[in-house]
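*Asks:* Pasting run-v6.cif here (mmCIF, C-alpha atoms and all ligand atoms; chains and numbers go by the auth columns):
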data_upload
#
loop_
_atom_site.group_PDB
_atom_site.id
_atom_site.type_symbol
_atom_site.label_atom_id
_atom_site.label_comp_id
_atom_site.label_asym_id
_atom_site.label_seq_id
_atom_site.Cartn_x
_atom_site.Cartn_y
_atom_site.Cartn_z
_atom_site.B_iso_or_equiv
_atom_site.auth_seq_id
_atom_site.auth_asym_id
ATOM 1 C CA MET A 1 18.938 4.020 33.557 0.00 1 R
ATOM 2 C CA ASN A 2 21.140 7.109 33.794 0.00 2 R
ATOM 3 C CA LYS A 3 20.319 10.429 32.249 0.00 3 R
ATOM 4 C CA TYR A 4 22.619 9.879 29.262 0.00 4 R
ATOM 5 C CA MET A 5 20.691 6.813 28.300 0.00 5 R
ATOM 6 C CA ILE A 6 17.460 8.770 28.561 0.00 6 R
ATOM 7 C CA ILE A 7 18.855 11.483 26.271 0.00 7 R
ATOM 8 C CA PHE A 8 20.105 8.833 23.878 0.00 8 R
ATOM 9 C CA GLY A 9 16.653 7.294 23.856 0.00 9 R
ATOM 10 C CA LEU A 10 15.023 10.632 23.158 0.00 10 R
ATOM 11 C CA VAL A 11 17.366 11.324 20.254 0.00 11 R
ATOM 12 C CA LEU A 12 16.686 7.895 18.798 0.00 12 R
ATOM 13 C CA GLY A 13 12.973 8.476 19.178 0.00 13 R
ATOM 14 C CA LEU A 14 13.229 11.800 17.378 0.00 14 R
ATOM 15 C CA ILE A 15 15.153 10.279 14.499 0.00 15 R
ATOM 16 C CA ALA A 16 12.651 7.447 14.221 0.00 16 R
ATOM 17 C CA GLY A 17 9.772 9.944 14.395 0.00 17 R
ATOM 18 C CA CYS A 18 11.182 12.068 11.587 0.00 18 R
ATOM 19 C CA GLY A 19 11.935 8.995 9.557 0.00 19 R
ATOM 20 C CA SER A 20 8.405 7.701 9.687 0.00 20 R
ATOM 21 C CA LYS A 21 7.048 11.106 8.707 0.00 21 R
ATOM 22 C CA SER A 22 8.776 11.081 5.362 0.00 22 R
ATOM 23 C CA GLU A 23 8.437 7.360 4.819 0.00 23 R
ATOM 24 C CA ASN A 24 7.174 6.537 1.358 0.00 24 R
ATOM 25 C CA LYS A 25 4.205 4.254 1.185 0.00 25 R
ATOM 26 C CA SER A 26 2.687 2.822 -1.912 0.00 26 R
ATOM 27 C CA ALA A 27 -0.876 1.823 -2.488 0.00 27 R
ATOM 28 C CA GLU A 28 -3.006 0.515 -5.293 0.00 28 R
ATOM 29 C CA ILE A 29 -6.281 2.313 -5.712 0.00 29 R
ATOM 30 C CA VAL A 30 -9.106 0.593 -7.542 0.00 30 R
ATOM 31 C CA LEU A 31 -10.402 2.902 -10.287 0.00 31 R
ATOM 32 C CA ASN A 32 -13.341 0.950 -11.632 0.00 32 R
ATOM 33 C CA THR A 33 -14.911 3.826 -13.553 0.00 33 R
ATOM 34 C CA ILE A 34 -12.021 5.079 -15.665 0.00 34 R
ATOM 35 C CA GLN A 35 -12.586 4.675 -19.404 0.00 35 R
ATOM 36 C CA CYS A 36 -9.796 6.245 -21.416 0.00 36 R
ATOM 37 C CA GLY A 37 -6.467 8.016 -21.416 0.00 37 R
ATOM 38 C CA MET A 38 -8.147 11.300 -20.576 0.00 38 R
ATOM 39 C CA CYS A 39 -9.411 9.778 -17.353 0.00 39 R
ATOM 40 C CA SER A 40 -6.002 8.567 -16.287 0.00 40 R
ATOM 41 C CA ASP A 41 -4.409 11.895 -17.231 0.00 41 R
ATOM 42 C CA LYS A 42 -7.004 13.769 -15.214 0.00 42 R
ATOM 43 C CA ILE A 43 -6.424 11.623 -12.154 0.00 43 R
ATOM 44 C CA ALA A 44 -2.652 11.764 -12.488 0.00 44 R
ATOM 45 C CA SER A 45 -2.628 15.544 -12.816 0.00 45 R
ATOM 46 C CA SER A 46 -5.041 16.111 -9.938 0.00 46 R
ATOM 47 C CA LEU A 47 -2.974 13.905 -7.635 0.00 47 R
ATOM 48 C CA GLY A 48 0.229 15.496 -8.885 0.00 48 R
ATOM 49 C CA THR A 49 -0.788 18.761 -7.257 0.00 49 R
ATOM 50 C CA LEU A 50 -1.300 17.191 -3.818 0.00 50 R
ATOM 51 C CA GLU A 51 1.419 17.703 -1.274 0.00 51 R
ATOM 52 C CA GLY A 52 2.894 14.411 -0.167 0.00 52 R
ATOM 53 C CA VAL A 53 2.139 12.520 -3.359 0.00 53 R
ATOM 54 C CA VAL A 54 5.415 11.288 -4.800 0.00 54 R
ATOM 55 C CA LYS A 55 4.359 9.293 -7.818 0.00 55 R
ATOM 56 C CA VAL A 56 1.180 8.360 -9.640 0.00 56 R
ATOM 57 C CA ASP A 57 0.911 5.603 -12.194 0.00 57 R
ATOM 58 C CA VAL A 58 -2.508 4.850 -13.623 0.00 58 R
ATOM 59 C CA ASP A 59 -2.964 1.502 -15.324 0.00 59 R
ATOM 60 C CA LEU A 60 -5.906 1.955 -17.653 0.00 60 R
ATOM 61 C CA GLU A 61 -6.161 -1.723 -18.565 0.00 61 R
ATOM 62 C CA LYS A 62 -6.238 -2.987 -14.993 0.00 62 R
ATOM 63 C CA LYS A 63 -8.119 0.104 -13.775 0.00 63 R
ATOM 64 C CA VAL A 64 -5.729 0.560 -10.919 0.00 64 R
ATOM 65 C CA GLY A 65 -3.802 3.609 -9.804 0.00 65 R
ATOM 66 C CA LYS A 66 -0.454 2.999 -8.174 0.00 66 R
ATOM 67 C CA VAL A 67 0.321 5.850 -5.858 0.00 67 R
ATOM 68 C CA VAL A 68 3.483 6.479 -3.887 0.00 68 R
ATOM 69 C CA TYR A 69 2.929 8.958 -1.091 0.00 69 R
ATOM 70 C CA LYS A 70 4.536 10.240 2.048 0.00 70 R
ATOM 71 C CA ALA A 71 2.754 8.728 5.019 0.00 71 R
ATOM 72 C CA GLY A 72 2.397 11.423 7.658 0.00 72 R
ATOM 73 C CA VAL A 73 2.035 14.173 5.048 0.00 73 R
ATOM 74 C CA ILE A 74 -1.007 12.728 3.328 0.00 74 R
ATOM 75 C CA ASP A 75 -3.120 9.639 3.802 0.00 75 R
ATOM 76 C CA LEU A 76 -4.988 7.409 1.443 0.00 76 R
ATOM 77 C CA GLY A 77 -8.377 8.877 2.341 0.00 77 R
ATOM 78 C CA VAL A 78 -7.324 12.314 1.102 0.00 78 R
ATOM 79 C CA ILE A 79 -6.015 10.803 -2.117 0.00 79 R
ATOM 80 C CA GLU A 80 -9.274 8.926 -2.671 0.00 80 R
ATOM 81 C CA LYS A 81 -11.268 12.112 -2.074 0.00 81 R
ATOM 82 C CA ALA A 82 -9.144 13.997 -4.607 0.00 82 R
ATOM 83 C CA ILE A 83 -9.923 11.346 -7.212 0.00 83 R
ATOM 84 C CA ALA A 84 -13.634 11.452 -6.306 0.00 84 R
ATOM 85 C CA ALA A 85 -13.528 15.242 -6.643 0.00 85 R
ATOM 86 C CA VAL A 86 -12.564 14.992 -10.328 0.00 86 R
ATOM 87 C CA GLY A 87 -15.357 12.508 -11.014 0.00 87 R
ATOM 88 C CA TYR A 88 -14.063 8.990 -10.513 0.00 88 R
ATOM 89 C CA ASP A 89 -14.663 6.231 -7.973 0.00 89 R
ATOM 90 C CA ALA A 90 -11.586 5.480 -5.887 0.00 90 R
ATOM 91 C CA ASN A 91 -11.736 2.247 -3.911 0.00 91 R
ATOM 92 C CA ASP A 92 -14.934 2.598 -1.874 0.00 92 R
ATOM 93 C CA THR A 93 -15.083 6.376 -2.232 0.00 93 R
ATOM 94 C CA PRO A 94 -17.731 7.202 -4.856 0.00 94 R
ATOM 95 C CA ALA A 95 -17.209 9.927 -7.443 0.00 95 R
ATOM 96 C CA GLU A 96 -18.743 13.286 -6.616 0.00 96 R
ATOM 97 C CA PRO A 97 -21.940 13.384 -8.697 0.00 97 R
ATOM 98 C CA LYS A 98 -21.335 16.963 -9.849 0.00 98 R
ATOM 99 C CA ALA A 99 -17.844 16.195 -11.065 0.00 99 R
ATOM 100 C CA TYR A 100 -19.013 12.981 -12.710 0.00 100 R
ATOM 101 C CA SER A 101 -21.794 14.684 -14.644 0.00 101 R
ATOM 102 C CA GLY A 102 -19.291 17.242 -15.937 0.00 102 R
ATOM 103 C CA LEU A 103 -17.070 14.578 -17.485 0.00 103 R
ATOM 104 C CA ASP A 104 -16.849 14.148 -21.241 0.00 104 R
ATOM 105 C CA MET A 105 -19.119 11.436 -22.670 0.00 105 R
ATOM 106 C CA CYS A 106 -16.180 9.143 -23.370 0.00 106 R
ATOM 107 C CA CYS A 107 -15.162 9.298 -19.727 0.00 107 R
ATOM 108 C CA LYS A 108 -18.509 8.181 -18.352 0.00 108 R
ATOM 109 C CA VAL A 109 -19.377 4.633 -17.490 0.00 109 R
ATOM 110 C CA PRO A 110 -21.432 3.263 -20.425 0.00 110 R
ATOM 111 C CA GLY A 111 -25.093 3.438 -19.490 0.00 111 R
ATOM 112 C CA LYS A 112 -24.557 5.682 -16.483 0.00 112 R
ATOM 113 C CA GLU A 113 -25.416 9.338 -16.989 0.00 113 R
HETATM 114 CU CU CU B . -11.839 9.320 -20.165 0.00 1 A
#
Go ahead and render the structure in this file as structure tokens.
Ligand SMILES: [Cu+2]
*Replies:*
Amino acid sequence: MNKYMIIFGLVLGLIAGCGSKSENKSAEIVLNTIQCGMCSDKIASSLGTLEGVVKVDVDLEKKVGKVVYKAGVIDLGVIEKAIAAVGYDANDTPAEPKAYSGLDMCCKVPGKE
């Protein structure tokens, strides 16, 4: 391998590295505890402020949040924590109790204070 090939390889690696940083990933997050439109709005607006989140689509009927995000800028764990921080379960990340207890009655799981 001559030095030009090494440089070429480095440049390719850089391009690939940058590419994967801004690569959009999509994920479906299970939102078992959402109850109404207020819940989905709250989740959508809290995720909308996160850097790296491209798109949020909450399906109230299926209780699933479809999130498009930039892998390398943010990961799914951070997104789940942001949802938990406003009071909702996200996949296996449980809602923060304080945030949950501050929710409106209509946004709480029936029977769970
Ligand atoms: Cu609600």
*Asks:* Just the residues within 12 Å of Ser22 of chain R, please, counting all atoms listed in the file, with nothing from its chain fewer than 6 positions along; format it as a list in words.
*Replies:* Ile15, Ala16, Glu51, Gly52, Val53, Val54, Val68, Tyr69, Lys70, Ala71, Gly72, Val73 and Ile74 of chain R
*Asks:* Counting only C-alpha atoms and all ligand atoms, what are the residues, protein, DNA or RNA alike, that approach ligand CU 1 (chain A) to within 12 Å? I want them as an mmCIF file with C-alpha atoms, in the frame of the given file.
*Replies:*
data_model
loop_
_atom_site.group_PDB
_atom_site.id
_atom_site.type_symbol
_atom_site.label_atom_id
_atom_site.label_comp_id
_atom_site.auth_asym_id
_atom_site.auth_seq_id
_atom_site.Cartn_x
_atom_site.Cartn_y
_atom_site.Cartn_z
ATOM 1 C CA LEU R 31 -10.402 2.902 -10.287
ATOM 2 C CA THR R 33 -14.911 3.826 -13.553
ATOM 3 C CA ILE R 34 -12.021 5.079 -15.665
ATOM 4 C CA GLN R 35 -12.586 4.675 -19.404
ATOM 5 C CA CYS R 36 -9.796 6.245 -21.416
ATOM 6 C CA GLY R 37 -6.467 8.016 -21.416
ATOM 7 C CA MET R 38 -8.147 11.300 -20.576
ATOM 8 C CA CYS R 39 -9.411 9.778 -17.353
ATOM 9 C CA SER R 40 -6.002 8.567 -16.287
ATOM 10 C CA ASP R 41 -4.409 11.895 -17.231
ATOM 11 C CA LYS R 42 -7.004 13.769 -15.214
ATOM 12 C CA ILE R 43 -6.424 11.623 -12.154
ATOM 13 C CA LEU R 60 -5.906 1.955 -17.653
ATOM 14 C CA LYS R 63 -8.119 0.104 -13.775
ATOM 15 C CA VAL R 86 -12.564 14.992 -10.328
ATOM 16 C CA GLY R 87 -15.357 12.508 -11.014
ATOM 17 C CA TYR R 88 -14.063 8.990 -10.513
ATOM 18 C CA TYR R 100 -19.013 12.981 -12.710
ATOM 19 C CA GLY R 102 -19.291 17.242 -15.937
ATOM 20 C CA LEU R 103 -17.070 14.578 -17.485
ATOM 21 C CA ASP R 104 -16.849 14.148 -21.241
ATOM 22 C CA MET R 105 -19.119 11.436 -22.670
ATOM 23 C CA CYS R 106 -16.180 9.143 -23.370
ATOM 24 C CA CYS R 107 -15.162 9.298 -19.727
ATOM 25 C CA LYS R 108 -18.509 8.181 -18.352
ATOM 26 C CA VAL R 109 -19.377 4.633 -17.490
ATOM 27 C CA PRO R 110 -21.432 3.263 -20.425
#
*Asks:* Report as a PyMOL selection string the residues that result from applying the PyMOL selection byres (((chain R and resi 80) around 8) and not hetatm) to the structure here.
*Replies:* chain R and resi 29+76-79+81-84+90-91+93
*Asks:* Evaluate the PyMOL selection byres (((chain R and resi 64) around 9) and not hetatm) against this structure - the residues, as a list of chain:residue names, please.
*Replies:* R:Glu28, R:Ile29, R:Val30, R:Leu31, R:Asn32, R:Asp57, R:Val58, R:Asp59, R:Leu60, R:Glu61, R:Lys62, R:Lys63, R:Gly65, R:Lys66
*Asks:* Generate the output file for the selected residues, C-alpha atoms, as a tab-separated table (two decimals), in the coordinates of the input.
*Replies:*
chain	number	residue	atom	x	y	z
R	28	GLU	CA	-3.01	0.52	-5.29
R	29	ILE	CA	-6.28	2.31	-5.71
R	30	VAL	CA	-9.11	0.59	-7.54
R	31	LEU	CA	-10.40	2.90	-10.29
R	32	ASN	CA	-13.34	0.95	-11.63
R	57	ASP	CA	0.91	5.60	-12.19
R	58	VAL	CA	-2.51	4.85	-13.62
R	59	ASP	CA	-2.96	1.50	-15.32
R	60	LEU	CA	-5.91	1.96	-17.65
R	61	GLU	CA	-6.16	-1.72	-18.57
R	62	LYS	CA	-6.24	-2.99	-14.99
R	63	LYS	CA	-8.12	0.10	-13.78
R	65	GLY	CA	-3.80	3.61	-9.80
R	66	LYS	CA	-0.45	3.00	-8.17
*Asks:* Quick one: pull the distance between atom CA of Val67 of chain R and atom CA of Ala27 of chain R, Å, one decimal.
*Replies:* 5.4 Å
